[in-house]
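Next up, protein39.pdb (PDB, C-alpha atoms):
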```pdb
ATOM      1  CA  MET B   1      14.801 -33.857 -60.172
ATOM      2  CA  LEU B   2      17.808 -35.545 -58.609
ATOM      3  CA  VAL B   3      18.460 -38.784 -60.502
ATOM      4  CA  ALA B   4      21.831 -39.835 -59.058
ATOM      5  CA  ALA B   5      24.477 -38.717 -56.603
ATOM      6  CA  ALA B   6      28.054 -39.570 -55.720
ATOM      7  CA  VAL B   7      29.425 -38.874 -52.252
ATOM      8  CA  CYS B   8      33.212 -38.484 -52.105
ATOM      9  CA  PRO B   9      35.804 -37.310 -49.581
ATOM     10  CA  CYS B  10      37.447 -33.982 -50.238
ATOM     11  CA  PRO B  11      41.069 -34.019 -48.999
ATOM     12  CA  PRO B  12      43.499 -32.518 -51.527
ATOM     13  CA  LEU B  13      45.578 -35.642 -50.848
ATOM     14  CA  LEU B  14      43.099 -37.427 -53.118
ATOM     15  CA  VAL B  15      44.972 -35.763 -55.998
ATOM     16  CA  PRO B  16      48.093 -37.892 -56.584
ATOM     17  CA  GLU B  17      50.302 -34.891 -57.362
ATOM     18  CA  VAL B  18      49.468 -33.439 -53.947
ATOM     19  CA  ALA B  19      49.931 -36.738 -52.115
ATOM     20  CA  ALA B  20      53.228 -37.405 -53.923
ATOM     21  CA  GLY B  21      54.901 -40.449 -52.369
ATOM     22  CA  ALA B  22      51.858 -41.187 -50.218
ATOM     23  CA  ALA B  23      49.526 -41.357 -53.237
ATOM     24  CA  PRO B  24      49.129 -45.184 -53.197
ATOM     25  CA  GLU B  25      47.584 -44.978 -49.728
ATOM     26  CA  LEU B  26      44.393 -43.527 -51.244
ATOM     27  CA  ASP B  27      44.279 -45.633 -54.416
ATOM     28  CA  ALA B  28      41.249 -47.547 -53.132
ATOM     29  CA  ALA B  29      39.421 -44.307 -52.336
ATOM     30  CA  ARG B  30      40.151 -42.916 -55.803
ATOM     31  CA  ALA B  31      38.898 -46.088 -57.459
ATOM     32  CA  ALA B  32      35.699 -45.927 -55.402
ATOM     33  CA  CYS B  33      35.182 -42.271 -56.376
ATOM     34  CA  ASP B  34      35.612 -43.224 -60.034
ATOM     35  CA  ALA B  35      32.990 -45.957 -59.663
ATOM     36  CA  ALA B  36      30.510 -43.671 -57.890
ATOM     37  CA  LEU B  37      30.876 -40.950 -60.508
ATOM     38  CA  ALA B  38      30.519 -43.488 -63.305
ATOM     39  CA  LYS B  39      27.071 -44.312 -61.927
ATOM     40  CA  VAL B  40      26.114 -40.637 -61.943
ATOM     41  CA  VAL B  41      27.265 -40.224 -65.540
ATOM     42  CA  ALA B  42      25.406 -43.415 -66.518
ATOM     43  CA  ALA B  43      22.180 -41.874 -65.192
ATOM     44  CA  ALA B  44      22.408 -39.298 -68.019
ATOM     45  CA  PRO B  45      21.990 -36.096 -65.975
ATOM     46  CA  GLU B  46      21.417 -32.834 -67.792
ATOM     47  CA  LEU B  47      23.441 -31.028 -65.136
ATOM     48  CA  ILE B  48      25.927 -32.070 -62.451
ATOM     49  CA  VAL B  49      26.258 -29.852 -59.384
ATOM     50  CA  VAL B  50      29.348 -30.226 -57.197
ATOM     51  CA  VAL B  51      28.543 -29.412 -53.560
ATOM     52  CA  GLY B  52      31.192 -28.806 -50.913
ATOM     53  CA  GLU B  53      31.951 -26.783 -47.813
ATOM     54  CA  GLY B  54      33.749 -23.441 -48.019
ATOM     55  CA  THR B  55      33.923 -20.082 -46.312
ATOM     56  CA  ARG B  56      30.726 -18.718 -47.869
ATOM     57  CA  THR B  57      27.570 -19.862 -49.630
ATOM     58  CA  ALA B  58      27.661 -19.205 -53.368
ATOM     59  CA  PHE B  59      27.364 -20.750 -56.814
ATOM     60  CA  HIS B  60      30.434 -21.199 -59.010
ATOM     61  CA  GLU B  61      29.761 -21.405 -62.716
ATOM     62  CA  ALA B  62      31.474 -23.572 -65.314
ATOM     63  CA  GLY B  63      34.968 -22.305 -66.010
ATOM     64  CA  ALA B  64      35.673 -21.404 -62.377
ATOM     65  CA  ARG B  65      39.204 -22.289 -61.360
ATOM     66  CA  GLY B  66      40.690 -23.987 -58.335
ATOM     67  CA  SER B  67      44.321 -24.382 -57.351
ATOM     68  CA  PHE B  68      46.433 -26.875 -55.440
ATOM     69  CA  ARG B  69      49.278 -24.385 -55.121
ATOM     70  CA  PRO B  70      48.460 -23.768 -51.416
ATOM     71  CA  PHE B  71      49.255 -27.455 -50.908
ATOM     72  CA  GLY B  72      52.679 -27.238 -52.506
ATOM     73  CA  VAL B  73      51.772 -28.334 -56.040
ATOM     74  CA  ASP B  74      52.033 -26.123 -59.115
ATOM     75  CA  ALA B  75      48.696 -27.288 -60.518
ATOM     76  CA  ASP B  76      45.293 -25.768 -61.206
ATOM     77  CA  VAL B  77      41.927 -27.296 -62.041
ATOM     78  CA  VAL B  78      38.888 -26.003 -63.909
ATOM     79  CA  LEU B  79      35.247 -26.732 -63.190
ATOM     80  CA  GLY B  80      33.932 -27.924 -66.533
ATOM     81  CA  THR B  81      34.968 -26.156 -69.724
ATOM     82  CA  PRO B  82      37.876 -23.712 -69.356
ATOM     83  CA  SER B  83      37.021 -20.035 -69.695
ATOM     84  CA  GLY B  84      38.766 -16.721 -69.363
ATOM     85  CA  ILE B  85      38.320 -16.604 -65.587
ATOM     86  CA  PRO B  86      41.888 -15.922 -64.363
ATOM     87  CA  ASP B  87      41.656 -16.302 -60.597
ATOM     88  CA  ALA B  88      41.305 -19.471 -58.537
ATOM     89  CA  THR B  89      38.030 -19.033 -56.652
ATOM     90  CA  LEU B  90      36.969 -22.608 -55.880
ATOM     91  CA  PRO B  91      37.402 -23.744 -52.272
ATOM     92  CA  PRO B  92      39.495 -26.906 -51.823
ATOM     93  CA  SER B  93      36.428 -29.160 -51.593
ATOM     94  CA  LEU B  94      35.141 -27.996 -54.981
ATOM     95  CA  ALA B  95      38.628 -28.037 -56.496
ATOM     96  CA  VAL B  96      38.917 -31.729 -55.621
ATOM     97  CA  GLY B  97      35.409 -32.261 -57.006
ATOM     98  CA  ALA B  98      36.361 -30.527 -60.248
ATOM     99  CA  TRP B  99      39.425 -32.771 -60.478
ATOM    100  CA  LEU B 100      37.248 -35.866 -60.024
ATOM    101  CA  LEU B 101      34.850 -34.718 -62.754
ATOM    102  CA  THR B 102      37.738 -34.140 -65.151
ATOM    103  CA  ARG B 103      39.079 -37.585 -64.287
ATOM    104  CA  ALA B 104      35.606 -39.027 -65.023
ATOM    105  CA  GLY B 105      35.569 -37.368 -68.440
ATOM    106  CA  TRP B 106      32.400 -35.351 -67.795
ATOM    107  CA  ASN B 107      31.949 -32.760 -70.534
ATOM    108  CA  GLY B 108      28.334 -31.767 -69.862
ATOM    109  CA  PRO B 109      26.887 -28.793 -67.990
ATOM    110  CA  VAL B 110      28.241 -28.318 -64.475
ATOM    111  CA  ARG B 111      27.924 -25.860 -61.600
ATOM    112  CA  GLY B 112      29.580 -25.675 -58.218
ATOM    113  CA  TYR B 113      27.791 -24.889 -54.969
ATOM    114  CA  GLU B 114      29.949 -23.765 -52.062
ATOM    115  CA  VAL B 115      28.203 -23.923 -48.707
ATOM    116  CA  GLU B 116      29.298 -22.316 -45.465
ATOM    117  CA  GLY B 117      29.502 -24.819 -42.638
ATOM    118  CA  GLY B 118      27.308 -24.828 -39.559
ATOM    119  CA  ARG B 119      24.056 -23.758 -41.192
ATOM    120  CA  SER B 120      20.648 -24.847 -39.973
ATOM    121  CA  ARG B 121      19.074 -28.084 -41.103
ATOM    122  CA  THR B 122      16.156 -26.077 -42.516
ATOM    123  CA  VAL B 123      18.355 -23.905 -44.737
ATOM    124  CA  ASN B 124      20.295 -26.920 -45.992
ATOM    125  CA  GLY B 125      17.014 -28.660 -46.750
ATOM    126  CA  GLU B 126      15.743 -25.709 -48.744
ATOM    127  CA  ASP B 127      18.972 -25.667 -50.734
ATOM    128  CA  GLY B 128      18.653 -29.362 -51.466
ATOM    129  CA  VAL B 129      15.186 -28.933 -52.905
ATOM    130  CA  HIS B 130      16.385 -25.975 -54.961
ATOM    131  CA  LEU B 131      19.415 -27.787 -56.403
ATOM    132  CA  ALA B 132      17.260 -30.761 -57.378
ATOM    133  CA  SER B 133      15.012 -28.392 -59.348
ATOM    134  CA  LEU B 134      17.767 -26.830 -61.463
ATOM    135  CA  ALA B 135      17.114 -29.277 -64.327
ATOM    136  CA  ASP B 136      14.808 -32.147 -65.206
ATOM    137  CA  ARG B 137      17.669 -34.576 -64.526
ATOM    138  CA  VAL B 138      20.229 -33.440 -61.931
ATOM    139  CA  GLY B 139      23.282 -35.315 -60.706
ATOM    140  CA  LEU B 140      25.109 -34.324 -57.537
ATOM    141  CA  LEU B 141      28.754 -34.798 -56.610
ATOM    142  CA  VAL B 142      28.766 -34.256 -52.858
ATOM    143  CA  MET B 143      32.152 -33.603 -51.284
ATOM    144  CA  GLY B 144      32.804 -33.966 -47.565
ATOM    145  CA  ASP B 145      34.722 -35.793 -44.852
ATOM    146  CA  GLY B 146      33.622 -37.380 -41.630
ATOM    147  CA  THR B 147      35.254 -36.857 -38.252
ATOM    148  CA  ALA B 148      38.888 -35.788 -38.094
ATOM    149  CA  CYS B 149      39.406 -37.166 -34.578
ATOM    150  CA  ARG B 150      39.880 -40.916 -35.012
ATOM    151  CA  THR B 151      43.494 -41.151 -33.750
ATOM    152  CA  VAL B 152      45.959 -39.143 -31.684
ATOM    153  CA  LYS B 153      47.682 -38.104 -34.932
ATOM    154  CA  ALA B 154      44.446 -36.937 -36.566
ATOM    155  CA  PRO B 155      43.982 -33.206 -37.286
ATOM    156  CA  GLY B 156      41.593 -32.944 -34.339
ATOM    157  CA  TYR B 157      43.438 -35.408 -32.055
ATOM    158  CA  LEU B 158      41.590 -38.422 -30.609
ATOM    159  CA  ASP B 159      37.971 -38.060 -29.567
ATOM    160  CA  GLU B 160      36.273 -41.224 -28.325
ATOM    161  CA  ARG B 161      32.974 -40.144 -29.914
ATOM    162  CA  ALA B 162      34.396 -40.012 -33.425
ATOM    163  CA  GLU B 163      34.316 -43.666 -34.455
ATOM    164  CA  GLY B 164      30.695 -44.108 -33.389
ATOM    165  CA  VAL B 165      29.612 -40.978 -35.262
ATOM    166  CA  ASP B 166      31.419 -42.133 -38.408
ATOM    167  CA  THR B 167      29.693 -45.516 -38.143
ATOM    168  CA  LEU B 168      26.310 -43.777 -38.119
ATOM    169  CA  ILE B 169      27.287 -41.589 -41.068
ATOM    170  CA  ALA B 170      28.431 -44.595 -43.089
ATOM    171  CA  ALA B 171      25.149 -46.417 -42.443
ATOM    172  CA  ALA B 172      23.142 -43.336 -43.452
ATOM    173  CA  LEU B 173      25.099 -42.962 -46.698
ATOM    174  CA  ARG B 174      24.513 -46.623 -47.467
ATOM    175  CA  ASP B 175      20.775 -46.445 -46.686
ATOM    176  CA  LEU B 176      19.887 -43.172 -48.489
ATOM    177  CA  ASP B 177      19.509 -41.483 -45.087
ATOM    178  CA  SER B 178      16.219 -43.333 -44.667
ATOM    179  CA  ASP B 179      16.184 -42.711 -40.899
ATOM    180  CA  GLY B 180      17.237 -39.048 -41.116
ATOM    181  CA  THR B 181      20.660 -39.444 -39.472
ATOM    182  CA  LEU B 182      22.324 -37.000 -41.848
ATOM    183  CA  ALA B 183      19.408 -34.578 -41.682
ATOM    184  CA  ARG B 184      19.687 -34.508 -37.871
ATOM    185  CA  LEU B 185      23.486 -34.325 -37.652
ATOM    186  CA  ASP B 186      24.209 -31.650 -35.058
ATOM    187  CA  ALA B 187      26.163 -28.550 -36.096
ATOM    188  CA  ASP B 188      27.955 -28.197 -32.757
ATOM    189  CA  LEU B 189      28.991 -31.850 -32.692
ATOM    190  CA  SER B 190      30.176 -31.574 -36.285
ATOM    191  CA  ARG B 191      32.309 -28.575 -35.415
ATOM    192  CA  GLU B 192      33.806 -30.333 -32.403
ATOM    193  CA  LEU B 193      34.667 -33.434 -34.450
ATOM    194  CA  LYS B 194      35.737 -31.374 -37.488
ATOM    195  CA  ILE B 195      33.189 -32.951 -39.853
ATOM    196  CA  SER B 196      33.216 -31.104 -43.184
ATOM    197  CA  GLY B 197      30.465 -33.148 -44.817
ATOM    198  CA  ARG B 198      27.498 -32.257 -42.600
ATOM    199  CA  ASP B 199      26.000 -29.421 -44.645
ATOM    200  CA  PRO B 200      26.609 -31.016 -48.083
ATOM    201  CA  TRP B 201      25.131 -34.315 -46.848
ATOM    202  CA  GLN B 202      22.051 -32.558 -45.476
ATOM    203  CA  ILE B 203      21.594 -30.877 -48.857
ATOM    204  CA  LEU B 204      21.824 -34.292 -50.514
ATOM    205  CA  SER B 205      19.322 -35.850 -48.105
ATOM    206  CA  ALA B 206      16.756 -33.148 -48.847
ATOM    207  CA  ALA B 207      17.397 -33.259 -52.583
ATOM    208  CA  TRP B 208      16.745 -36.998 -52.613
ATOM    209  CA  GLU B 209      13.254 -36.494 -51.164
ATOM    210  CA  GLY B 210      13.433 -39.365 -48.707
ATOM    211  CA  GLY B 211      14.930 -42.839 -48.698
ATOM    212  CA  ASP B 212      12.009 -44.763 -50.140
ATOM    213  CA  ARG B 213      13.276 -44.741 -53.720
ATOM    214  CA  GLY B 214      16.448 -45.830 -55.430
ATOM    215  CA  THR B 215      19.466 -47.724 -54.169
ATOM    216  CA  GLY B 216      22.321 -46.686 -51.934
ATOM    217  CA  ASP B 217      25.751 -48.284 -52.086
ATOM    218  CA  LEU B 218      28.639 -47.617 -49.705
ATOM    219  CA  LEU B 219      31.715 -48.189 -51.865
ATOM    220  CA  TYR B 220      34.447 -47.141 -49.442
ATOM    221  CA  GLU B 221      34.783 -46.513 -45.717
ATOM    222  CA  ASP B 222      38.072 -45.959 -43.923
ATOM    223  CA  ALA B 223      39.924 -43.495 -41.703
ATOM    224  CA  PRO B 224      43.384 -42.899 -43.158
ATOM    225  CA  TYR B 225      45.263 -40.194 -41.284
ATOM    226  CA  GLY B 226      42.570 -40.415 -38.584
ATOM    227  CA  VAL B 227      39.888 -38.830 -40.805
ATOM    228  CA  GLY B 228      36.652 -40.569 -41.787
ATOM    229  CA  TYR B 229      36.430 -40.923 -45.562
ATOM    230  CA  PHE B 230      33.339 -42.308 -47.302
ATOM    231  CA  VAL B 231      32.412 -42.960 -50.916
ATOM    232  CA  ALA B 232      28.788 -43.760 -51.737
ATOM    233  CA  SER B 233      26.465 -43.767 -54.706
ATOM    234  CA  TRP B 234      22.734 -43.035 -54.684
ATOM    235  CA  THR B 235      20.931 -44.125 -57.826
TER     236      THR B 235
END
```
How does the structure come out when it is put into structure tokens?
Amino acid sequence: MLVAAAVCPCPPLLVPEVAAGAAPELDAARAACDAALAKVVAAAPELIVVVGEGTRTAFHEAGARGSFRPFGVDADVVLGTPSGIPDATLPPSLAVGAWLLTRAGWNGPVRGYEVEGGRSRTVNGEDGVHLASLADRVGLLVMGDGTACRTVKAPGYLDERAEGVDTLIAAALRDLDSDGTLARLDADLSRELKISGRDPWQILSAAWEGGDRGTGDLLYEDAPYGVGYFVASWT
């Protein structure tokens, strides 16, 4: 059963070593991620699953490695307890998630779940139910960004639809997706607006089993670099 979840953005720039001189610009986002993860840890999960978009759909077990070397930093990260796994296999979203978990001091059981983008709502829903059943008390760390089209300097340039879509996403994250906004988020629209959080958020919505229990809290909402970043906790 899913007992708590933290929703965090997944840009490698969240890691100060990657951001370098620009690191202070995301201090508020980092602090919000810390607060959201603290709530997950406080819920005493037996297992935390980090969910994020990648190029395939697959589990990553504890000890899997990620690297920030492709972003110009000679630094690696490990999901949970280090093991003998030599190669960096985590996609960037899960590497940032692993970094956040290390920062939070989580030493308990952990798994990563990489999900290919653009899947059907039904498949994402089935995955959400499955992840919630992996232990009696499951915590999720859900990594994903909103639109990347908020300004002319954004990765996807300016799209007038982007701000309105991000507003809807923020409200859904605050309200435990009680009206199904995340569950209905269109795959084509998400691709056009370069939303990386759609599939992970749909997994979360299904894992939560509806918005009629618990409390949602939107801890951070902004669009630095023209990309929608959100931090939320569901407890």
Apply the PyMOL selection byres ((chain B and resi 136) around 12) to the displayed file and report the matching residues as a PyMOL selection string. chain B and resi 1-3+44-48+131-135+137-139
Listing only residues of range 127-158 of chain B within 9 Å of range 163-171 of chain B, what is the closest atom pair and its distance in Å (to one decimal) for each, using all atoms listed in the file, sorted by chain and residue number ascending, as CSV?
```
residue,atom,partner,partner_atom,distance
B:Gly146,CA,B:Asp166,CA,6.2
B:Thr147,CA,B:Asp166,CA,6.5
B:Cys149,CA,B:Glu163,CA,8.3
B:Arg150,CA,B:Glu163,CA,6.2
```
Prev. selection, C-alpha atoms, output as a PDB file, in the coordinates of the input:
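Dumped everything to part.pdb:
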```pdb
ATOM      1  CA  GLY B 146      33.622 -37.380 -41.630  1.00  0.00           C
ATOM      2  CA  THR B 147      35.254 -36.857 -38.252  1.00  0.00           C
ATOM      3  CA  CYS B 149      39.406 -37.166 -34.578  1.00  0.00           C
ATOM      4  CA  ARG B 150      39.880 -40.916 -35.012  1.00  0.00           C
TER       5      ARG B 150
END
```
Would you mind listing what lies within 10 Å of Ala6 in chain B as a CSV table (one decimal) with C-alpha atoms, keeping the file's coordinate frame, with all atoms listed in the file counted and same-chain residues fewer than 5 positions away left out?
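This is the output file selection.csv:
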```csv
chain,number,residue,atom,x,y,z
B,32,ALA,CA,35.7,-45.9,-55.4
B,33,CYS,CA,35.2,-42.3,-56.4
B,34,ASP,CA,35.6,-43.2,-60.0
B,35,ALA,CA,33.0,-46.0,-59.7
B,36,ALA,CA,30.5,-43.7,-57.9
B,37,LEU,CA,30.9,-41.0,-60.5
B,38,ALA,CA,30.5,-43.5,-63.3
B,39,LYS,CA,27.1,-44.3,-61.9
B,40,VAL,CA,26.1,-40.6,-61.9
B,41,VAL,CA,27.3,-40.2,-65.5
B,50,VAL,CA,29.3,-30.2,-57.2
B,139,GLY,CA,23.3,-35.3,-60.7
B,140,LEU,CA,25.1,-34.3,-57.5
B,141,LEU,CA,28.8,-34.8,-56.6
B,142,VAL,CA,28.8,-34.3,-52.9
B,143,MET,CA,32.2,-33.6,-51.3
B,204,LEU,CA,21.8,-34.3,-50.5
B,216,GLY,CA,22.3,-46.7,-51.9
B,217,ASP,CA,25.8,-48.3,-52.1
B,231,VAL,CA,32.4,-43.0,-50.9
B,232,ALA,CA,28.8,-43.8,-51.7
B,233,SER,CA,26.5,-43.8,-54.7
B,234,TRP,CA,22.7,-43.0,-54.7
B,235,THR,CA,20.9,-44.1,-57.8
```
Evaluate the PyMOL selection byres ((chain B and resi 206) around 9) here and jot the selected residues down as a list in words.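 Those residues are Asn124, Gly125, Glu126, Asp127, Gly128, Val129, Ala132, Ala183, Trp201, Gln202, Ile203, Leu204, Ser205, Ala207, Trp208, Glu209 and Gly210 of chain B.
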Using only C-alpha atoms for the distances, tell me which of B:Arg111, B:Arg56, B:Arg174, B:Lys194 is nearest to Gly144 in chain B.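 Ranked by minimum distance to Gly144 in chain B, first place goes to B:Lys194.
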Return the single residue from B:Ala23, B:Val123, B:Ala31, B:Val152 that is closest to Asp199 in chain B, with distances computed using all atoms listed in the file.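 Among B:Ala23, B:Val123, B:Ala31, B:Val152, it is B:Val123 that comes nearest to Asp199 in chain B.
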